[in-house]
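Take a look at the structure set out below.
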Amino acid sequence: MSSQMAANFWLSSHCTEWLKNAKDEDNNPEVRQRKEKNREIMLSDEEIKKLRIHMSTFISQLGRNLHVKVRQRVISTATVYLARFYYHNSYKDFHPHLIAATALYLASKVEESPVSHIVSALKELHQTKWPKEESYDIRDIVDAEYFLMEELRFNLIVFHPYRQTELYMKDAKLESCVHTAWQIINDSYRLDLCLYYPPHIIAIAVVQMAGAYHNYDTTEWLKTLKFRDGHEKAIPEVQEKLLELYEDYSHLEHDEIMHILDKVPRHPPLGKGASPVMSPPPVSTPG
Amino acid sequence: MRRSIEDSFHVLGKVNEGTFGVVYKAVKAEDKEKYERFKHNAAELSKMTFLAIKKPKNSREGEGFNKDAVREIALLKELSRHQNIVTLRDVVLCPEGSAATKGLYLVFDWAEFELCEILKNHRDKGMKPPGERMVKSIMWQILNGISYIHHNWIIHRDLKPSNILIMGKGQEYGRVKIADFGMARLIQQPLRALHLDGVVVTVWYRAPELLMGAKHYSKAIDMWALGCIFCELMTNTPVFQGKEDKQPKALQEDQIRKIFRVIGKPTAQDWQQITELPEWNKIAALNIPVRCLL
């Protein structure tokens, strides 16, 4: 499986540092602090879920704006950056629209298609859809880029399920459903799946769902795959989360999001009061 | 909240400066005293940990981080664990400061030698080229590193003796490290065609397909550069020392002549797509007699 990936996934920072175990989170002081701070501004878990979905839509809209116009992979990478950023940080300390724009700005550099008019895109999106929101200038974005880089621990290369989904679809002879699968992957970025499941697991879950949508049975195909100890158990988990997304959150009212955004401080002093931003690890001696 | 460069490191001096930025030699701040004490004691110094701090030039005001530096960090964060790839220890961010000093700093393990310095030394002192065992060891290690990079679908695009480092006395004495990933790129499913990045590889080490304006190129360009380095190790002299035409988009005619004089001008029989390369017509018109290499 791994040989088909861009680099060796099992050794990548994505796999070794950015796959989280939801069960360990109560013991993680940074995560606990993030949760506390989100509570301080009265965001419920339900609202946080909706805000997260809004963020993903917001990045997509920003990325498709005529001033910017990036490819889907840049949007997906930016969304992963965002998910990773808010794993350790709260909406109280950093406004999600600023971080979204910054994530897209940085992702476009990493994905070799740098954008220069991010500020105009953000301004236009705010004016047309979110007139109450503060716009940001390039200085804000450049400042936020420092925080984002640091919070990402400088791990910028991200793996996505697209390519593997394509290979699996071929393997399962489901080429006719590729479009549906693509759509499901794009939607999967509305959740934090990328923090908890490796891309090939998401890909397999998506292949099965796309197949099911077109009335193809994929149980036999699934049996042909070999898994590392117990990894296949994660597939139904991913599917359950995606189904919940489709059933309960496929449409969010604009007013509802506006109400949630009203709770988020508009001028969070960038980083001030945020947890001591991770200082770089001590320089260790070689060997 | 963030450590500044001065708080973290004691800079000993500037060791290199180029279009990419500046490289300093440094020790950790806590080692400053030890360094001052043993400055003249070679035995003690060799036990200390030295660092190379690379400060890439900042992009224009309002463009945020330098794109090449972002790319270098992104790739090295994934590759740096290999023994023949330079070790990125740390990245330090300095949001405050003058236009020149703020920005990103990359902290590497210090490597005492550059392959180009070693070769130059041999030349200047009129010594014979490095012995067979040494050439074999160096080449094997470079190939080992490049193989790892290529397996990860990355091409380096700037291989040359000054980017091949060799570790000095210490735990890794004699180990080769491939450095400078500012031009490197992930080539699996690129969103942007490679040739849009402009000219790559220093002219002496530039592969023929690049010299002929190829829009698609691959790992082979690194292999060409490696071949040039191999030759240089064997003979002590860069093998194809073409004179660079500095005009933008210039045809590097002298470089092409120097190569084809040795390997012969390829024909459409030897190399099927050669006639489709943008500069082919100009090259076809050149009269280049073949000469023996050594």
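By convention in this document, the chains of the structure tokens carry letters A, B, ... by their order, each chain's residues are numbered from 1, and ligands are numbered from 1 in the order they are shown.
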
Practice prompt. DSSP on the backbone, then: every residue of stretch 100-232 of chain A marked alpha helix (DSSP H), written as a ChimeraX atom specification.
Written response: /A:100-110,118-129,138-151,162-171,178-188,193-196,199-213,219-223

Take the selection from the previous step and output its residues with C-alpha atoms, as a PDB file, in the first residue's frame.
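Output below, filename part_36.pdb:
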ATOM      1  CA  ALA A 100      -8.291  30.032   7.205  1.00  0.00           C
ATOM      2  CA  ALA A 101      -6.858  32.696   4.901  1.00  0.00           C
ATOM      3  CA  THR A 102      -3.368  32.127   6.290  1.00  0.00           C
ATOM      4  CA  ALA A 103      -3.657  28.364   5.893  1.00  0.00           C
ATOM      5  CA  LEU A 104      -4.618  28.798   2.254  1.00  0.00           C
ATOM      6  CA  TYR A 105      -1.755  31.244   1.762  1.00  0.00           C
ATOM      7  CA  LEU A 106       0.821  28.843   3.224  1.00  0.00           C
ATOM      8  CA  ALA A 107      -0.661  25.753   1.540  1.00  0.00           C
ATOM      9  CA  SER A 108      -0.443  27.482  -1.823  1.00  0.00           C
ATOM     10  CA  LYS A 109       3.307  27.936  -1.294  1.00  0.00           C
ATOM     11  CA  VAL A 110       3.819  24.344  -0.220  1.00  0.00           C
ATOM     12  CA  ILE A 118      -5.430  36.464  -0.764  1.00  0.00           C
ATOM     13  CA  VAL A 119      -6.370  39.751   0.898  1.00  0.00           C
ATOM     14  CA  SER A 120      -8.692  40.827  -1.927  1.00  0.00           C
ATOM     15  CA  ALA A 121     -10.310  37.396  -1.929  1.00  0.00           C
ATOM     16  CA  LEU A 122     -10.901  37.544   1.804  1.00  0.00           C
ATOM     17  CA  LYS A 123     -12.286  41.053   1.585  1.00  0.00           C
ATOM     18  CA  GLU A 124     -14.670  40.134  -1.183  1.00  0.00           C
ATOM     19  CA  LEU A 125     -15.887  37.030   0.615  1.00  0.00           C
ATOM     20  CA  HIS A 126     -16.489  39.025   3.789  1.00  0.00           C
ATOM     21  CA  GLN A 127     -18.325  41.766   1.943  1.00  0.00           C
ATOM     22  CA  THR A 128     -20.624  39.425   0.068  1.00  0.00           C
ATOM     23  CA  LYS A 129     -21.332  36.846   2.766  1.00  0.00           C
ATOM     24  CA  ILE A 138      -1.504  41.251   4.395  1.00  0.00           C
ATOM     25  CA  ARG A 139       0.336  42.255   7.564  1.00  0.00           C
ATOM     26  CA  ASP A 140      -2.139  40.246   9.634  1.00  0.00           C
ATOM     27  CA  ILE A 141      -1.733  37.262   7.369  1.00  0.00           C
ATOM     28  CA  VAL A 142       2.052  37.461   7.386  1.00  0.00           C
ATOM     29  CA  ASP A 143       1.987  37.670  11.193  1.00  0.00           C
ATOM     30  CA  ALA A 144      -0.402  34.759  11.448  1.00  0.00           C
ATOM     31  CA  GLU A 145       1.846  32.746   9.135  1.00  0.00           C
ATOM     32  CA  TYR A 146       4.418  32.639  11.959  1.00  0.00           C
ATOM     33  CA  PHE A 147       1.882  31.211  14.371  1.00  0.00           C
ATOM     34  CA  LEU A 148       0.582  28.727  11.859  1.00  0.00           C
ATOM     35  CA  MET A 149       4.057  27.464  10.908  1.00  0.00           C
ATOM     36  CA  GLU A 150       4.974  27.046  14.532  1.00  0.00           C
ATOM     37  CA  GLU A 151       1.758  25.313  15.489  1.00  0.00           C
ATOM     38  CA  TYR A 162      -7.553  11.221  -3.480  1.00  0.00           C
ATOM     39  CA  ARG A 163      -4.903   9.225  -5.251  1.00  0.00           C
ATOM     40  CA  GLN A 164      -5.518   6.067  -3.288  1.00  0.00           C
ATOM     41  CA  THR A 165      -9.244   6.341  -3.766  1.00  0.00           C
ATOM     42  CA  GLU A 166      -8.621   6.449  -7.472  1.00  0.00           C
ATOM     43  CA  LEU A 167      -6.448   3.319  -7.309  1.00  0.00           C
ATOM     44  CA  TYR A 168      -8.931   1.469  -5.126  1.00  0.00           C
ATOM     45  CA  MET A 169     -11.833   2.414  -7.394  1.00  0.00           C
ATOM     46  CA  LYS A 170      -9.954   0.867 -10.281  1.00  0.00           C
ATOM     47  CA  ASP A 171      -9.128  -2.198  -8.211  1.00  0.00           C
ATOM     48  CA  VAL A 178     -15.220   8.034  -9.153  1.00  0.00           C
ATOM     49  CA  HIS A 179     -17.057  11.314  -9.282  1.00  0.00           C
ATOM     50  CA  THR A 180     -19.199  10.412  -6.269  1.00  0.00           C
ATOM     51  CA  ALA A 181     -16.125   9.267  -4.367  1.00  0.00           C
ATOM     52  CA  TRP A 182     -14.384  12.546  -5.116  1.00  0.00           C
ATOM     53  CA  GLN A 183     -17.346  14.451  -3.762  1.00  0.00           C
ATOM     54  CA  ILE A 184     -17.359  12.407  -0.555  1.00  0.00           C
ATOM     55  CA  ILE A 185     -13.645  13.032  -0.023  1.00  0.00           C
ATOM     56  CA  ASN A 186     -14.135  16.759  -0.469  1.00  0.00           C
ATOM     57  CA  ASP A 187     -16.951  16.633   2.074  1.00  0.00           C
ATOM     58  CA  SER A 188     -14.810  14.613   4.483  1.00  0.00           C
ATOM     59  CA  LEU A 193     -11.083  12.856  10.066  1.00  0.00           C
ATOM     60  CA  CYS A 194      -7.573  13.764   8.903  1.00  0.00           C
ATOM     61  CA  LEU A 195      -6.476  14.057  12.543  1.00  0.00           C
ATOM     62  CA  TYR A 196      -7.641  10.587  13.495  1.00  0.00           C
ATOM     63  CA  PRO A 199      -5.731   8.669   4.324  1.00  0.00           C
ATOM     64  CA  HIS A 200      -5.895   5.091   3.015  1.00  0.00           C
ATOM     65  CA  ILE A 201      -8.515   4.197   5.636  1.00  0.00           C
ATOM     66  CA  ILE A 202     -10.563   7.235   4.640  1.00  0.00           C
ATOM     67  CA  ALA A 203     -10.107   6.191   1.008  1.00  0.00           C
ATOM     68  CA  ILE A 204     -11.428   2.667   1.620  1.00  0.00           C
ATOM     69  CA  ALA A 205     -14.388   4.020   3.581  1.00  0.00           C
ATOM     70  CA  VAL A 206     -15.156   6.406   0.745  1.00  0.00           C
ATOM     71  CA  VAL A 207     -14.866   3.719  -1.955  1.00  0.00           C
ATOM     72  CA  GLN A 208     -17.429   1.594  -0.133  1.00  0.00           C
ATOM     73  CA  MET A 209     -19.791   4.512   0.355  1.00  0.00           C
ATOM     74  CA  ALA A 210     -19.525   5.615  -3.258  1.00  0.00           C
ATOM     75  CA  GLY A 211     -20.153   2.021  -4.334  1.00  0.00           C
ATOM     76  CA  ALA A 212     -23.155   1.703  -2.047  1.00  0.00           C
ATOM     77  CA  TYR A 213     -24.583   4.961  -3.375  1.00  0.00           C
ATOM     78  CA  THR A 219     -17.785  -6.608   0.625  1.00  0.00           C
ATOM     79  CA  GLU A 220     -15.926  -9.098  -1.568  1.00  0.00           C
ATOM     80  CA  TRP A 221     -13.447  -6.431  -2.664  1.00  0.00           C
ATOM     81  CA  LEU A 222     -12.823  -5.446   0.945  1.00  0.00           C
ATOM     82  CA  LYS A 223     -11.866  -9.053   1.718  1.00  0.00           C
TER      83      LYS A 223
END

Worksheet item: Near B:Glu114, counting only C-alpha atoms, which residues have an atom at most 10 Å away, once you skip same-chain residues fewer than 6 positions from it, shown as a ChimeraX atom specification?
Response: /B:120,161-167,176-177,179

Just N, CA, C and O atoms for this one: save the residues we selected as a PDB file, in the first residue's frame.
ATOM      1  N   LYS B 120      39.100  21.341  -4.477  1.00  0.00           N
ATOM      2  CA  LYS B 120      39.904  22.528  -4.759  1.00  0.00           C
ATOM      3  C   LYS B 120      41.268  22.415  -4.076  1.00  0.00           C
ATOM      4  O   LYS B 120      42.300  22.724  -4.666  1.00  0.00           O
ATOM      5  N   PRO B 161      29.196  19.839  -6.357  1.00  0.00           N
ATOM      6  CA  PRO B 161      30.096  19.555  -5.233  1.00  0.00           C
ATOM      7  C   PRO B 161      29.902  20.483  -4.031  1.00  0.00           C
ATOM      8  O   PRO B 161      30.102  20.053  -2.896  1.00  0.00           O
ATOM      9  N   SER B 162      29.469  21.725  -4.245  1.00  0.00           N
ATOM     10  CA  SER B 162      29.327  22.600  -3.076  1.00  0.00           C
ATOM     11  C   SER B 162      28.088  22.253  -2.258  1.00  0.00           C
ATOM     12  O   SER B 162      27.935  22.720  -1.133  1.00  0.00           O
ATOM     13  N   ASN B 163      27.206  21.441  -2.794  1.00  0.00           N
ATOM     14  CA  ASN B 163      26.053  20.994  -2.009  1.00  0.00           C
ATOM     15  C   ASN B 163      26.224  19.589  -1.442  1.00  0.00           C
ATOM     16  O   ASN B 163      25.294  19.019  -0.896  1.00  0.00           O
ATOM     17  N   ILE B 164      27.426  19.050  -1.615  1.00  0.00           N
ATOM     18  CA  ILE B 164      27.730  17.753  -1.004  1.00  0.00           C
ATOM     19  C   ILE B 164      28.654  18.038   0.182  1.00  0.00           C
ATOM     20  O   ILE B 164      29.758  18.535   0.012  1.00  0.00           O
ATOM     21  N   LEU B 165      28.170  17.768   1.371  1.00  0.00           N
ATOM     22  CA  LEU B 165      28.942  18.068   2.573  1.00  0.00           C
ATOM     23  C   LEU B 165      29.508  16.787   3.159  1.00  0.00           C
ATOM     24  O   LEU B 165      28.960  15.705   2.959  1.00  0.00           O
ATOM     25  N   ILE B 166      30.619  16.947   3.895  1.00  0.00           N
ATOM     26  CA  ILE B 166      31.207  15.780   4.550  1.00  0.00           C
ATOM     27  C   ILE B 166      31.477  16.147   6.005  1.00  0.00           C
ATOM     28  O   ILE B 166      32.019  17.215   6.310  1.00  0.00           O
ATOM     29  N   MET B 167      31.065  15.278   6.888  1.00  0.00           N
ATOM     30  CA  MET B 167      31.175  15.556   8.310  1.00  0.00           C
ATOM     31  C   MET B 167      32.624  15.471   8.779  1.00  0.00           C
ATOM     32  O   MET B 167      33.380  14.589   8.352  1.00  0.00           O
ATOM     33  N   VAL B 176      28.866  11.478   4.298  1.00  0.00           N
ATOM     34  CA  VAL B 176      28.424  12.425   3.272  1.00  0.00           C
ATOM     35  C   VAL B 176      26.998  12.869   3.565  1.00  0.00           C
ATOM     36  O   VAL B 176      26.152  12.064   3.957  1.00  0.00           O
ATOM     37  N   LYS B 177      26.751  14.172   3.387  1.00  0.00           N
ATOM     38  CA  LYS B 177      25.401  14.718   3.589  1.00  0.00           C
ATOM     39  C   LYS B 177      25.015  15.549   2.369  1.00  0.00           C
ATOM     40  O   LYS B 177      25.731  16.492   2.012  1.00  0.00           O
ATOM     41  N   ALA B 179      23.011  18.422   0.777  1.00  0.00           N
ATOM     42  CA  ALA B 179      22.449  19.637   1.375  1.00  0.00           C
ATOM     43  C   ALA B 179      21.716  20.479   0.330  1.00  0.00           C
ATOM     44  O   ALA B 179      21.740  20.175  -0.856  1.00  0.00           O
TER      45      ALA B 179
END

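All residues of protein, DNA or RNA that reach within 7 Å of A:Val158, judged by only C-alpha atoms and not counting those fewer than 2 positions away in the chain, are His14, Thr77, Leu156 and His160 of chain A.
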
Quick one: write out the picked residues with N, CA, C and O atoms as an mmCIF file, in the first residue's frame?
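In the end it all went to out14.cif:
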data_model
loop_
_atom_site.group_PDB
_atom_site.id
_atom_site.type_symbol
_atom_site.label_atom_id
_atom_site.label_comp_id
_atom_site.auth_asym_id
_atom_site.auth_seq_id
_atom_site.Cartn_x
_atom_site.Cartn_y
_atom_site.Cartn_z
ATOM 1 N N HIS A 14 3.118 13.193 8.915
ATOM 2 C CA HIS A 14 1.661 13.030 8.958
ATOM 3 C C HIS A 14 1.310 11.811 9.819
ATOM 4 O O HIS A 14 0.444 11.871 10.692
ATOM 5 N N THR A 77 -5.258 20.754 1.514
ATOM 6 C CA THR A 77 -4.084 20.909 2.378
ATOM 7 C C THR A 77 -4.326 22.018 3.396
ATOM 8 O O THR A 77 -4.041 21.860 4.585
ATOM 9 N N LEU A 156 4.747 20.314 6.971
ATOM 10 C CA LEU A 156 3.907 20.957 5.958
ATOM 11 C C LEU A 156 3.416 19.991 4.887
ATOM 12 O O LEU A 156 2.487 20.303 4.153
ATOM 13 N N HIS A 160 -3.193 13.008 1.218
ATOM 14 C CA HIS A 160 -4.642 13.058 0.995
ATOM 15 C C HIS A 160 -5.147 11.725 0.468
ATOM 16 O O HIS A 160 -4.386 10.963 -0.120
#

Discussion item. So, with only C-alpha atoms as the atoms that count, which of B:Thr87, B:Ser4, B:Thr101, B:Thr49 lies closest to B:Gly21?
Written reply: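 The closest residue to B:Gly21 is B:Thr101.
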
Discussion item. When you count only C-alpha atoms, which of these residues is closest to chain A: B:Leu191, B:Leu106, B:Leu286, B:Met127?
Written reply: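 Going through B:Leu191, B:Leu106, B:Leu286, B:Met127 one by one, the smallest distance to chain A is for B:Leu191.
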
Worksheet item: Between A:Arg52, A:Lys263, A:Lys35, A:Arg73, which has the minimum distance to B:Arg192 (counting only C-alpha atoms)?
Response: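 Under the stated criterion, the closest residue is A:Arg73.
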
Fill in: Neighbour list for A:Tyr87 as a PyMOL selection string, cut-off 8 Å, only C-alpha atoms, skip fewer than 2 positions in-chain
chain A and resi 31+34+83-85+89

Preceding selection exported with N, CA and C atoms as a PDB file, in the first residue's frame:
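Written file, selection-v3.pdb:
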ATOM      1  N   VAL A  31      -4.719  20.307  24.635  1.00  0.00           N
ATOM      2  CA  VAL A  31      -6.083  20.058  24.169  1.00  0.00           C
ATOM      3  C   VAL A  31      -7.073  20.477  25.254  1.00  0.00           C
ATOM      4  N   ARG A  34      -7.415  24.169  25.160  1.00  0.00           N
ATOM      5  CA  ARG A  34      -8.212  24.595  24.008  1.00  0.00           C
ATOM      6  C   ARG A  34      -9.697  24.440  24.324  1.00  0.00           C
ATOM      7  N   ALA A  83      -7.267  22.250  10.635  1.00  0.00           N
ATOM      8  CA  ALA A  83      -7.652  21.237  11.635  1.00  0.00           C
ATOM      9  C   ALA A  83      -6.518  21.036  12.635  1.00  0.00           C
ATOM     10  N   ARG A  84      -5.284  20.986  12.124  1.00  0.00           N
ATOM     11  CA  ARG A  84      -4.138  20.790  13.016  1.00  0.00           C
ATOM     12  C   ARG A  84      -3.933  22.007  13.920  1.00  0.00           C
ATOM     13  N   PHE A  85      -4.126  23.184  13.359  1.00  0.00           N
ATOM     14  CA  PHE A  85      -3.940  24.405  14.148  1.00  0.00           C
ATOM     15  C   PHE A  85      -4.916  24.435  15.327  1.00  0.00           C
ATOM     16  N   ASN A  89      -5.254  24.962  19.596  1.00  0.00           N
ATOM     17  CA  ASN A  89      -5.612  26.362  19.845  1.00  0.00           C
ATOM     18  C   ASN A  89      -7.114  26.573  19.851  1.00  0.00           C
TER      19      ASN A  89
END

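Relative to atom CA of B:Ile73, atom CA of B:Val91 is found at 8.1 Å.
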